[in-house]
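For reference, run.cif (mmCIF, C-alpha atoms):
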```cif
data_start
loop_
_atom_site.label_atom_id
_atom_site.label_comp_id
_atom_site.auth_asym_id
_atom_site.auth_seq_id
_atom_site.Cartn_x
_atom_site.Cartn_y
_atom_site.Cartn_z
CA MET Y 1 22.96 9.92 -1.01
CA ILE Y 2 19.55 11.15 -1.97
CA LEU Y 3 16.95 8.53 -2.82
CA HIS Y 4 13.44 9.27 -3.88
CA VAL Y 5 10.54 7.03 -4.73
CA ASN Y 6 7.36 7.53 -6.67
CA PRO Y 7 4.61 5.41 -5.12
CA SER Y 8 2.26 5.96 -8.07
CA SER Y 9 4.60 4.94 -10.85
CA GLY Y 10 3.48 1.33 -10.99
CA LEU Y 11 7.01 0.12 -10.32
CA PRO Y 12 7.47 -1.71 -6.99
CA LEU Y 13 9.10 0.60 -4.46
CA TYR Y 14 11.81 -1.90 -3.55
CA LEU Y 15 12.84 -2.07 -7.21
CA GLN Y 16 12.97 1.73 -7.37
CA ILE Y 17 15.34 1.78 -4.40
CA GLU Y 18 17.47 -1.03 -5.82
CA ALA Y 19 17.75 0.70 -9.19
CA GLN Y 20 18.77 4.00 -7.65
CA VAL Y 21 21.45 2.47 -5.44
CA LYS Y 22 22.82 0.49 -8.38
CA GLN Y 23 22.80 3.61 -10.51
CA ALA Y 24 24.62 5.61 -7.84
CA VAL Y 25 27.26 2.88 -7.58
CA ALA Y 26 27.62 2.63 -11.37
CA ALA Y 27 28.03 6.41 -11.62
CA ALA Y 28 30.52 6.36 -8.72
CA ALA Y 29 28.32 8.67 -6.67
CA LEU Y 30 28.60 5.90 -4.11
CA LYS Y 31 31.99 4.32 -3.56
CA ALA Y 32 33.13 1.18 -1.79
CA ASP Y 33 32.64 1.35 1.98
CA ASP Y 34 30.28 4.33 1.80
CA ALA Y 35 27.55 3.88 4.39
CA LEU Y 36 23.91 3.61 3.43
CA PRO Y 37 21.18 4.94 5.71
CA SER Y 38 19.72 2.36 8.08
CA VAL Y 39 16.47 0.64 7.16
CA ARG Y 40 14.66 2.61 9.86
CA LYS Y 41 16.10 5.96 8.79
CA LEU Y 42 15.44 5.47 5.10
CA ALA Y 43 11.88 4.25 5.75
CA ALA Y 44 11.22 7.30 7.92
CA ASP Y 45 12.81 9.69 5.39
CA LEU Y 46 10.83 8.31 2.48
CA ARG Y 47 7.66 7.70 4.59
CA ILE Y 48 7.51 4.16 3.33
CA ASN Y 49 7.20 0.78 4.96
CA PRO Y 50 10.43 -0.51 6.55
CA ASN Y 51 9.69 -3.96 5.10
CA THR Y 52 10.04 -2.41 1.65
CA VAL Y 53 13.45 -0.94 2.44
CA ALA Y 54 14.60 -4.19 4.05
CA ARG Y 55 13.58 -6.10 0.94
CA ALA Y 56 15.53 -3.74 -1.32
CA TYR Y 57 18.63 -4.03 0.89
CA GLN Y 58 18.36 -7.82 0.97
CA ASN Y 59 18.24 -7.96 -2.81
CA LEU Y 60 21.15 -5.53 -3.11
CA GLU Y 61 23.17 -7.69 -0.75
CA ARG Y 62 22.26 -10.81 -2.71
CA ASP Y 63 23.45 -9.07 -5.87
CA GLY Y 64 26.72 -8.17 -4.19
CA VAL Y 65 26.15 -4.41 -4.40
CA ILE Y 66 26.13 -3.81 -0.65
CA ARG Y 67 27.18 -5.72 2.42
CA THR Y 68 25.57 -5.58 5.83
CA VAL Y 69 27.43 -5.72 9.09
CA PRO Y 70 25.16 -7.29 11.71
CA GLY Y 71 24.17 -4.48 14.05
CA GLY Y 72 26.47 -2.10 12.21
CA GLY Y 73 24.63 -0.88 9.15
CA CYS Y 74 24.96 -1.29 5.41
CA TYR Y 75 27.93 -0.40 3.23
CA VAL Y 76 28.69 -0.36 -0.46
CA ALA Y 77 30.59 -3.53 -1.34
CA ASP Y 78 34.12 -3.51 -2.74
CA GLY Y 79 33.50 -3.55 -6.44
CA MET Y 80 31.22 -6.03 -8.08
CA PRO Y 81 32.36 -9.43 -6.89
CA GLY Y 82 33.59 -11.93 -9.42
CA LEU Y 83 30.33 -12.57 -11.16
CA LEU Y 84 30.68 -14.77 -14.18
CA LYS Y 85 30.26 -12.95 -17.43
CA THR Y 86 27.41 -15.28 -18.38
CA GLU Y 87 25.67 -14.45 -15.11
CA LYS Y 88 26.04 -10.72 -15.75
CA VAL Y 89 24.58 -11.15 -19.21
CA ARG Y 90 21.73 -13.25 -17.84
CA ARG Y 91 20.82 -10.49 -15.39
CA LEU Y 92 20.92 -7.75 -17.98
CA ARG Y 93 19.03 -9.58 -20.72
CA PRO Y 94 15.48 -8.91 -19.45
CA HIS Y 95 16.22 -5.18 -19.39
CA ALA Y 96 17.63 -5.30 -22.90
CA GLN Y 97 14.56 -7.20 -23.96
CA GLN Y 98 12.29 -4.57 -22.49
CA ILE Y 99 14.12 -1.77 -24.28
CA ALA Y 100 13.94 -3.68 -27.55
CA VAL Y 101 10.20 -4.41 -27.23
CA GLU Y 102 9.25 -0.91 -26.12
CA GLY Y 103 11.41 0.61 -28.84
CA MET Y 104 9.84 -1.49 -31.58
CA GLN Y 105 6.35 -0.74 -30.31
CA LEU Y 106 7.10 2.97 -30.45
CA ARG Y 107 8.32 2.42 -34.04
CA LEU Y 108 11.85 3.59 -33.32
CA THR Y 109 14.53 2.26 -35.64
CA PRO Y 110 17.18 -0.10 -34.22
CA GLU Y 111 19.74 2.67 -34.74
CA GLU Y 112 17.68 5.12 -32.72
CA ILE Y 113 17.29 2.61 -29.89
CA LEU Y 114 21.01 1.84 -29.81
CA LYS Y 115 21.80 5.55 -29.86
CA LEU Y 116 19.64 6.07 -26.76
CA VAL Y 117 21.45 3.34 -24.88
CA GLN Y 118 24.81 4.77 -25.93
CA GLU Y 119 23.79 8.19 -24.70
CA GLU Y 120 22.90 6.75 -21.30
CA LEU Y 121 26.25 4.94 -21.15
CA GLN Y 122 28.06 8.16 -21.98
CA LYS Y 123 26.29 9.93 -19.13
CA LEU Y 124 27.81 7.36 -16.79
CA GLY Y 125 31.22 7.95 -18.31
CA GLY Y 126 31.42 4.61 -20.08
CA LYS Y 127 33.28 4.23 -23.35
CA THR Y 128 31.20 3.31 -26.37
CA MET Q 1 0.47 -19.08 16.88
CA SER Q 2 -1.10 -17.77 13.76
CA ASP Q 3 0.95 -15.53 11.50
CA LEU Q 4 -2.14 -13.48 10.80
CA ALA Q 5 -2.91 -10.47 12.99
CA ILE Q 6 -6.48 -10.37 11.70
CA SER Q 7 -8.48 -12.98 9.85
CA THR Q 8 -12.19 -13.02 9.10
CA GLN Q 9 -14.29 -15.71 7.45
CA GLY Q 10 -17.60 -14.82 5.86
CA LEU Q 11 -18.20 -11.93 8.24
CA VAL Q 12 -21.71 -10.47 7.96
CA LYS Q 13 -23.36 -7.55 9.73
CA VAL Q 14 -26.97 -6.66 9.05
CA TYR Q 15 -28.42 -3.43 10.47
CA SER Q 16 -32.23 -3.54 10.19
CA LYS Q 17 -32.27 -5.20 6.77
CA VAL Q 18 -29.24 -3.28 5.45
CA LYS Q 19 -26.25 -5.53 4.84
CA ALA Q 20 -23.34 -3.32 5.93
CA VAL Q 21 -20.85 -6.19 5.70
CA ASP Q 22 -21.66 -9.10 3.44
CA GLY Q 23 -19.45 -12.17 3.75
CA LEU Q 24 -16.12 -10.43 4.24
CA ASN Q 25 -12.90 -12.47 4.12
CA LEU Q 26 -9.88 -10.61 5.38
CA SER Q 27 -6.30 -11.75 6.06
CA VAL Q 28 -3.86 -9.30 7.61
CA PRO Q 29 -0.35 -10.72 8.12
CA ARG Q 30 1.48 -9.83 11.33
CA GLY Q 31 3.84 -6.91 10.85
CA ALA Q 32 1.94 -5.57 7.86
CA VAL Q 33 0.85 -2.01 7.33
CA TYR Q 34 -2.51 -2.75 5.78
CA GLY Q 35 -4.63 -0.17 3.98
CA PHE Q 36 -8.33 -0.99 4.16
CA LEU Q 37 -9.96 0.85 1.30
CA GLY Q 38 -13.49 1.42 0.17
CA ARG Q 39 -15.96 4.10 -0.81
CA ASN Q 40 -18.13 5.82 1.77
CA GLY Q 41 -20.52 3.25 3.18
CA ALA Q 42 -18.56 0.28 1.84
CA GLY Q 43 -18.50 -1.30 5.32
CA LYS Q 44 -15.08 -0.21 6.60
CA THR Q 45 -16.17 1.25 9.93
CA THR Q 46 -18.63 -1.57 10.64
CA THR Q 47 -15.82 -4.08 10.04
CA LEU Q 48 -13.50 -2.24 12.42
CA LYS Q 49 -16.21 -2.15 15.08
CA MET Q 50 -16.76 -5.89 14.81
CA LEU Q 51 -13.02 -6.59 15.05
CA LEU Q 52 -12.97 -4.71 18.35
CA GLY Q 53 -16.11 -6.36 19.70
CA LEU Q 54 -18.03 -3.08 19.56
CA ALA Q 55 -20.57 -4.62 17.18
CA ARG Q 56 -21.69 -8.23 17.13
CA PRO Q 57 -21.42 -10.03 13.79
CA THR Q 58 -24.69 -11.36 12.36
CA ALA Q 59 -22.80 -14.30 10.88
CA GLY Q 60 -19.27 -15.47 10.20
CA SER Q 61 -16.24 -15.45 12.46
CA ALA Q 62 -13.06 -13.53 13.01
CA ARG Q 63 -9.87 -13.67 15.04
CA VAL Q 64 -7.75 -10.72 16.11
CA LEU Q 65 -4.25 -11.55 17.39
CA GLY Q 66 -5.46 -15.12 17.62
CA CYS Q 67 -8.46 -14.21 19.83
CA ASP Q 68 -12.08 -14.83 18.91
CA ILE Q 69 -13.85 -11.48 18.48
CA VAL Q 70 -17.01 -12.59 20.28
CA ARG Q 71 -15.62 -14.63 23.18
CA GLN Q 72 -12.29 -12.87 23.87
CA ARG Q 73 -13.24 -9.20 23.56
CA ALA Q 74 -11.40 -8.07 26.68
CA GLU Q 75 -8.10 -9.58 25.61
CA ILE Q 76 -8.38 -8.00 22.17
CA LEU Q 77 -9.07 -4.58 23.68
CA CYS Q 78 -6.00 -4.92 25.94
CA ARG Q 79 -3.64 -5.70 23.09
CA THR Q 80 -5.06 -3.39 20.45
CA ALA Q 81 -5.01 0.39 20.15
CA PHE Q 82 -7.91 1.95 18.28
CA VAL Q 83 -8.67 5.38 16.88
CA GLY Q 84 -12.25 5.68 15.71
CA GLU Q 85 -13.97 8.24 13.56
CA ASN Q 86 -15.65 9.91 16.53
CA LYS Q 87 -13.01 12.21 17.95
CA ALA Q 88 -14.85 13.33 21.11
CA LEU Q 89 -13.01 13.24 24.47
CA TYR Q 90 -13.25 14.88 27.88
CA ASP Q 91 -13.69 18.59 27.18
CA GLN Q 92 -12.29 19.83 30.50
CA LEU Q 93 -9.05 17.81 30.41
CA THR Q 94 -5.82 18.82 28.69
CA PRO Q 95 -3.95 16.27 26.53
CA ALA Q 96 -1.29 16.02 29.29
CA GLU Q 97 -3.98 15.10 31.82
CA MET Q 98 -5.51 12.60 29.43
CA VAL Q 99 -2.15 10.91 28.98
CA ARG Q 100 -1.82 10.56 32.77
CA PHE Q 101 -5.33 9.15 32.96
CA THR Q 102 -4.92 6.75 30.03
CA ARG Q 103 -1.45 5.37 30.79
CA SER Q 104 -2.66 3.68 33.99
CA PHE Q 105 -4.88 1.35 31.94
CA TYR Q 106 -2.02 -0.01 29.83
CA PRO Q 107 0.84 -1.92 31.43
CA GLY Q 108 2.88 -1.57 28.25
CA TRP Q 109 2.44 2.21 28.02
CA SER Q 110 5.50 3.93 26.53
CA ASP Q 111 6.20 7.48 27.73
CA ALA Q 112 8.95 7.73 25.13
CA ALA Q 113 6.55 6.91 22.29
CA ALA Q 114 3.93 9.32 23.63
CA GLU Q 115 6.42 12.15 24.05
CA LYS Q 116 7.84 11.65 20.58
CA CYS Q 117 4.35 11.67 19.11
CA ALA Q 118 3.42 14.85 21.03
CA ARG Q 119 6.59 16.54 19.82
CA GLN Q 120 6.45 15.51 16.18
CA LEU Q 121 2.74 16.20 15.79
CA GLU Q 122 3.13 19.49 17.71
CA ILE Q 123 0.27 18.77 20.09
CA PRO Q 124 -0.57 21.58 22.54
CA MET Q 125 -0.42 19.44 25.69
CA GLN Q 126 -1.63 22.10 28.13
CA GLN Q 127 -4.74 23.28 26.34
CA LYS Q 128 -8.20 22.05 27.32
CA PHE Q 129 -9.67 19.61 24.84
CA ALA Q 130 -12.74 21.81 24.28
CA LYS Q 131 -10.47 24.52 22.88
CA LEU Q 132 -8.62 22.30 20.43
CA SER Q 133 -9.16 22.38 16.67
CA LYS Q 134 -10.52 19.35 14.85
CA GLY Q 135 -7.05 18.44 13.61
CA ASN Q 136 -5.54 18.71 17.08
CA ARG Q 137 -8.28 16.51 18.53
CA ALA Q 138 -7.45 13.84 15.96
CA LYS Q 139 -3.80 14.11 16.99
CA VAL Q 140 -4.63 13.62 20.68
CA TRP Q 141 -6.37 10.37 19.76
CA LEU Q 142 -3.33 9.26 17.82
CA LEU Q 143 -1.11 10.15 20.77
CA LEU Q 144 -3.21 8.06 23.15
CA ALA Q 145 -3.13 5.16 20.68
CA LEU Q 146 0.60 5.27 19.87
CA GLY Q 147 1.48 5.58 23.57
CA GLN Q 148 -0.08 2.18 24.22
CA ALA Q 149 2.68 0.59 22.14
CA ALA Q 150 0.10 -2.04 21.24
CA GLU Q 151 0.76 -5.06 19.03
CA LEU Q 152 -2.00 -3.97 16.70
CA LEU Q 153 -3.05 -0.48 15.76
CA LEU Q 154 -6.52 -0.07 14.26
CA LEU Q 155 -7.10 3.35 12.76
CA ASP Q 156 -10.33 4.54 11.17
CA GLU Q 157 -9.51 7.39 8.79
CA PRO Q 158 -6.55 8.52 10.91
CA THR Q 159 -5.57 11.43 8.70
CA ALA Q 160 -9.01 12.99 8.33
CA GLY Q 161 -8.73 16.62 9.47
CA LEU Q 162 -4.91 16.73 9.39
CA ASP Q 163 -3.19 19.23 7.13
CA PRO Q 164 -0.71 17.84 4.58
CA PHE Q 165 2.26 18.67 6.78
CA MET Q 166 0.84 16.83 9.80
CA ASN Q 167 -0.28 13.99 7.57
CA ASP Q 168 3.36 13.65 6.53
CA ALA Q 169 4.53 13.78 10.17
CA LEU Q 170 2.15 10.96 11.04
CA LEU Q 171 3.39 8.80 8.16
CA LYS Q 172 6.93 9.38 9.37
CA LEU Q 173 5.98 8.28 12.90
CA LEU Q 174 4.34 5.14 11.58
CA ALA Q 175 7.22 4.28 9.25
CA GLU Q 176 9.94 4.97 11.79
CA ASP Q 177 8.52 3.35 14.90
CA THR Q 178 5.34 1.38 14.69
CA ALA Q 179 6.09 -0.46 11.48
CA PHE Q 180 9.79 -0.76 12.21
CA GLU Q 181 9.15 -2.50 15.49
CA GLY Q 182 7.13 -5.18 13.74
CA ARG Q 183 3.72 -4.05 14.96
CA THR Q 184 0.71 -4.45 12.73
CA VAL Q 185 -1.11 -1.36 11.51
CA PHE Q 186 -4.55 -1.70 9.97
CA PHE Q 187 -6.11 1.51 8.78
CA SER Q 188 -9.09 2.50 6.74
CA SER Q 189 -8.77 5.35 4.34
CA HIS Q 190 -9.76 6.77 1.06
CA HIS Q 191 -6.65 8.87 0.72
CA LEU Q 192 -5.01 6.58 -1.77
CA ALA Q 193 -1.75 8.49 -2.06
CA GLU Q 194 -0.82 7.95 1.59
CA VAL Q 195 -1.90 4.32 1.46
CA GLU Q 196 0.24 3.81 -1.61
CA GLN Q 197 3.19 5.25 0.22
CA ILE Q 198 3.21 3.52 3.57
CA CYS Q 199 1.24 0.31 3.17
CA ASP Q 200 2.63 -3.01 2.07
CA TRP Q 201 -0.80 -4.65 1.89
CA VAL Q 202 -4.14 -3.37 0.65
CA GLY Q 203 -7.67 -4.68 0.79
CA ILE Q 204 -10.33 -3.01 -1.31
CA ILE Q 205 -13.95 -3.58 -0.29
CA ASP Q 206 -17.23 -2.54 -1.82
CA GLU Q 207 -20.75 -3.22 -0.61
CA GLY Q 208 -19.37 -5.20 2.31
CA ARG Q 209 -17.37 -7.63 0.21
CA MET Q 210 -13.65 -7.99 -0.47
CA LEU Q 211 -12.88 -7.13 -4.09
CA LEU Q 212 -9.12 -7.38 -3.92
CA GLU Q 213 -6.58 -8.21 -1.26
CA ALA Q 214 -2.93 -8.22 -2.25
CA ARG Q 215 0.57 -7.11 -1.50
CA LEU Q 216 1.00 -3.63 -2.93
CA ASP Q 217 4.25 -4.51 -4.67
CA GLU Q 218 2.46 -7.45 -6.27
CA ILE Q 219 -0.08 -5.01 -7.71
CA ARG Q 220 2.68 -2.72 -8.98
CA GLU Q 221 4.59 -5.61 -10.47
CA HIS Q 222 1.86 -7.64 -12.13
CA TYR Q 223 -1.41 -5.71 -12.40
CA ARG Q 224 -1.89 -4.07 -15.76
CA LEU Q 225 -4.63 -2.23 -17.55
CA VAL Q 226 -5.19 -3.67 -21.01
CA ILE Q 227 -7.16 -1.58 -23.46
CA ALA Q 228 -8.31 -3.18 -26.67
CA ALA Q 229 -10.49 -2.22 -29.59
CA GLY Q 230 -12.62 -4.72 -31.41
CA ARG Q 231 -16.10 -6.10 -31.86
CA ASP Q 232 -17.69 -8.49 -29.38
CA LEU Q 233 -14.75 -8.82 -27.06
CA PRO Q 234 -15.52 -10.80 -23.92
CA VAL Q 235 -16.02 -8.74 -20.76
CA GLY Q 236 -16.28 -11.65 -18.33
CA LYS Q 237 -14.25 -11.77 -15.15
CA THR Q 238 -12.35 -15.01 -15.50
CA ALA Q 239 -8.78 -15.20 -14.20
CA PRO Q 240 -6.54 -13.34 -14.70
CA VAL Q 241 -9.13 -10.61 -15.38
CA VAL Q 242 -10.36 -8.99 -12.15
CA ALA Q 243 -12.41 -6.20 -13.71
CA ALA Q 244 -13.64 -5.56 -17.21
CA ALA Q 245 -15.72 -2.87 -18.84
CA ARG Q 246 -16.73 -1.93 -22.34
CA ASN Q 247 -17.20 1.53 -23.69
CA GLY Q 248 -18.11 1.77 -27.35
CA GLN Q 249 -15.71 -0.34 -29.35
CA PHE Q 250 -13.10 -0.20 -26.59
CA SER Q 251 -12.85 -2.77 -23.83
CA ARG Q 252 -10.71 -2.29 -20.73
CA TYR Q 253 -9.44 -5.08 -18.54
CA LEU Q 254 -7.76 -5.04 -15.18
CA VAL Q 255 -5.49 -8.06 -15.35
CA ALA Q 256 -3.87 -9.56 -12.25
CA ARG Q 257 -0.95 -11.27 -14.01
CA ASP Q 258 0.45 -12.35 -17.37
CA ALA Q 259 -0.86 -9.23 -19.06
CA GLU Q 260 1.25 -9.74 -22.15
CA ALA Q 261 -0.13 -13.22 -22.68
CA PHE Q 262 -3.66 -11.92 -22.18
CA ALA Q 263 -3.05 -9.16 -24.72
CA ALA Q 264 -1.71 -11.71 -27.20
CA GLN Q 265 -4.84 -13.78 -26.71
CA LEU Q 266 -7.03 -10.75 -27.47
CA LYS Q 267 -5.00 -10.07 -30.59
CA SER Q 268 -5.57 -13.64 -31.74
CA GLN Q 269 -9.30 -12.93 -31.44
CA GLY Q 270 -8.91 -10.06 -33.89
CA ALA Q 271 -8.70 -7.20 -31.40
CA ALA Q 272 -6.30 -4.30 -31.66
CA VAL Q 273 -4.59 -3.91 -28.29
CA THR Q 274 -3.93 -0.22 -27.86
CA ASP Q 275 -2.31 -0.22 -24.44
CA VAL Q 276 -0.88 -2.44 -21.71
CA THR Q 277 0.03 -0.19 -18.85
CA PRO Q 278 0.79 -0.31 -15.12
CA LEU Q 279 -1.68 1.42 -12.81
CA SER Q 280 -1.50 3.51 -9.70
CA LEU Q 281 -3.46 2.31 -6.68
CA ARG Q 282 -6.01 5.02 -7.38
CA GLU Q 283 -6.59 3.65 -10.86
CA VAL Q 284 -6.87 0.06 -9.60
CA PHE Q 285 -9.40 1.25 -7.03
CA LEU Q 286 -11.49 3.08 -9.63
CA GLU Q 287 -11.44 0.14 -12.05
CA LEU Q 288 -12.66 -2.17 -9.29
CA VAL Q 289 -15.45 -0.10 -7.78
CA ARG Q 290 -16.69 1.34 -11.06
CA LYS Q 291 -20.24 0.17 -11.59
CA GLU Q 292 -20.50 -2.00 -14.61
CA GLU Q 293 -22.55 -0.51 -17.35
CA PRO Q 294 -25.21 -2.80 -18.75
CA CYS Q 295 -23.69 -3.64 -22.10
CA THR Q 296 -24.70 -6.29 -24.56
CA SER Q 297 -23.49 -6.46 -28.10
CA GLY Q 298 -26.79 -4.78 -29.04
CA ASN Q 299 -26.22 -1.56 -27.16
CA ALA Q 300 -22.42 -1.57 -27.02
CA GLY Q 301 -21.32 1.95 -27.60
CA VAL Q 302 -24.10 3.54 -25.57
CA THR Q 303 -22.63 5.24 -22.56
CA HIS Q 304 -24.98 5.51 -19.63
CA ALA Q 305 -24.38 8.94 -18.24
CA VAL Q 306 -26.57 8.45 -15.18
CA ALA Q 307 -26.00 5.34 -13.12
CA SER Q 308 -29.05 4.11 -11.27
CA LEU Q 309 -28.86 5.11 -7.62
CA PRO Q 310 -29.58 2.49 -4.99
CA PHE Q 311 -32.07 4.74 -3.13
#
```
Rewrite the structure of this file - the entire thing - as structure tokens.
Amino acid sequence: MILHVNPSSGLPLYLQIEAQVKQAVAAAALKADDALPSVRKLAADLRINPNTVARAYQNLERDGVIRTVPGGGCYVADGMPGLLKTEKVRRLRPHAQQIAVEGMQLRLTPEEILKLVQEELQKLGGKT
Amino acid sequence: MSDLAISTQGLVKVYSKVKAVDGLNLSVPRGAVYGFLGRNGAGKTTTLKMLLGLARPTAGSARVLGCDIVRQRAEILCRTAFVGENKALYDQLTPAEMVRFTRSFYPGWSDAAAEKCARQLEIPMQQKFAKLSKGNRAKVWLLLALGQAAELLLLDEPTAGLDPFMNDALLKLLAEDTAFEGRTVFFSSHHLAEVEQICDWVGIIDEGRMLLEARLDEIREHYRLVIAAGRDLPVGKTAPVVAAARNGQFSRYLVARDAEAFAAQLKSQGAAVTDVTPLSLREVFLELVRKEEPCTSGNAGVTHAVASLPF
């Protein structure tokens, strides 16, 4: 798996890593039981602080995306665990909100905004 | 045991009437990679010297690894590795000989760390120091510091003189070993890109005073630049505003948190908010150290092309 971060983007690095891992899992580029690089290796590869990588991995584990085996590395978890639908919606809502606000500020029509989201879903192979 | 590797309270250093450091408060958590940023002459090197007991503070106090910088100098020097800006060493010795000489002073010396550093930074170990380039001399200093496997690494402009490739190799070494093993790295720099990459904490100083000390992810997450147009907008620095400037009818604010709420407040005062945007570390730095232009509502709009120089 190839991760990259942009330190100047204004988005916290741990969030950039989280988003990329989640995206890779959603797009099936990463499958259940695939190994992730160790904290030390990923920090060295990206030339970033190991604390940052550890934080991203902790959050991914909390979200059920990966699991860590003590002393044995990190692996992609078996499918998203049984999160309640309401919980899934709660997690996604802030992102939806951001898209809506940004879209309105840029004076895009609701149709144009929805079309963009649909296009992104199609790229991941989702049905719309 | 304190969870701070370095803490200073009101540290002052006066050199014949010049205040190099002026009431500096610094808190470096253990295990952090801390970027200590400031313009030339902001007081970075003087601060580092005081932390190591190489300069005596005029006022204030500081602790390094829990030790008082005035009374426990020897202990601090034992547990801390330092690379200063002066890269002179023994001209007639080779790096290999210097390693043999240096290792005997440090009980915790790590041959493995030193060898890895020599290999990754491609240091010519058998060449006399006098014949080494500026960049290679800097690398020898880094080698001698990393070999100590010290709890705290103090680096003054460590990447000055290194080419981009070697700069990258050094960042890799720091990320992979030093930081991974929970050691604290405190380094001064004005290369903001590398700081942005490897550090998890930054402190920005100017004229000997701390302007901003924060977790870098906190800055990325919450700090925003708000640009607004309108007449007579306030340019005071009350929370959450950490820097404000006016140029013509536009005012710019560096806001530490709740930027959207701040923008809404400006709008309610009749301003048109043109932008709320995240900033790179470089932009935060420039907003903070930019000299405020004397602006009253009378001369708002006049841009002062020449700032008054302090000498």
Exercise for the section: Grab the atom CA of Gln97 of chain Y to atom CA of Leu279 of chain Q distance for me, in Å with one decimal place. Expected result: 21.5 Å
Handout entry: Residue IDs satisfying the PyMOL selection byres ((chain Y) within 6 of (chain Q)), as a VMD selection string
Key = chain Y and resid 7 to 8 10 to 12 40 43 to 44 47 to 50
Practice task
Evaluate the PyMOL selection byres ((chain Y and resi 120-126) around 9) on the structure here and hand back the selected residues as a ChimeraX atom specification.
Solution key: /Y:23,26-28,115-119,127-128
Neighbouring residues of segment 231-241 of chain Q were defined as those with any atom within 10 Å, considering all atoms listed in the file; residues of the same chain fewer than 3 positions away were excluded. Please report them as a CSV table (one decimal) with C-alpha atoms, in the frame of the given file.
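The result, written out as selection-v2.csv:
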```csv
chain,number,residue,atom,x,y,z
Q,223,TYR,CA,-1.4,-5.7,-12.4
Q,224,ARG,CA,-1.9,-4.1,-15.8
Q,225,LEU,CA,-4.6,-2.2,-17.6
Q,226,VAL,CA,-5.2,-3.7,-21.0
Q,228,ALA,CA,-8.3,-3.2,-26.7
Q,244,ALA,CA,-13.6,-5.6,-17.2
Q,245,ALA,CA,-15.7,-2.9,-18.8
Q,246,ARG,CA,-16.7,-1.9,-22.3
Q,248,GLY,CA,-18.1,1.8,-27.4
Q,249,GLN,CA,-15.7,-0.3,-29.4
Q,250,PHE,CA,-13.1,-0.2,-26.6
Q,251,SER,CA,-12.8,-2.8,-23.8
Q,252,ARG,CA,-10.7,-2.3,-20.7
Q,253,TYR,CA,-9.4,-5.1,-18.5
Q,254,LEU,CA,-7.8,-5.0,-15.2
Q,255,VAL,CA,-5.5,-8.1,-15.4
Q,256,ALA,CA,-3.9,-9.6,-12.2
Q,257,ARG,CA,-1.0,-11.3,-14.0
Q,258,ASP,CA,0.4,-12.4,-17.4
Q,259,ALA,CA,-0.9,-9.2,-19.1
Q,262,PHE,CA,-3.7,-11.9,-22.2
Q,266,LEU,CA,-7.0,-10.8,-27.5
Q,269,GLN,CA,-9.3,-12.9,-31.4
Q,270,GLY,CA,-8.9,-10.1,-33.9
Q,271,ALA,CA,-8.7,-7.2,-31.4
Q,272,ALA,CA,-6.3,-4.3,-31.7
Q,295,CYS,CA,-23.7,-3.6,-22.1
Q,296,THR,CA,-24.7,-6.3,-24.6
Q,297,SER,CA,-23.5,-6.5,-28.1
Q,298,GLY,CA,-26.8,-4.8,-29.0
Q,300,ALA,CA,-22.4,-1.6,-27.0
```
Practice task
Convert the output of the PyMOL selection byres ((chain Q and resi 143-158) around 9) on the shown file into explicit residues, formatted as a PyMOL selection string.
Solution key: chain Q and resi 5+30-31+44-45+48+52+64-65+78-85+95+98-99+102-103+106-115+117-118+121+123+138-142+159-162+167+178+182-191
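The interatomic distance for the pair atom CA of Pro110 of chain Y and atom CA of Ile227 of chain Q works out to 26.7 Å.
Atom CA of Gly203 of chain Q lies 8.9 Å from atom CA of Ser27 of chain Q.
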How big is the axis-aligned box, and where does its centre sit, when it encloses all atoms of segment 21-30 of chain Y listed in the file and has 8 Å added on every side, reported in Å to one decimal as JSON?
```
{"center_x": 26.0, "center_y": 4.6, "center_z": -7.9, "size_x": 25.1, "size_y": 24.2, "size_z": 23.5}
```
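Minimum atom-to-atom distances from Y:Ala29, Y:Ile2, Y:Leu36, Y:Ala19 to Arg67 of chain Y were compared using all atoms listed in the file, and the lowest value belongs to Y:Leu36.
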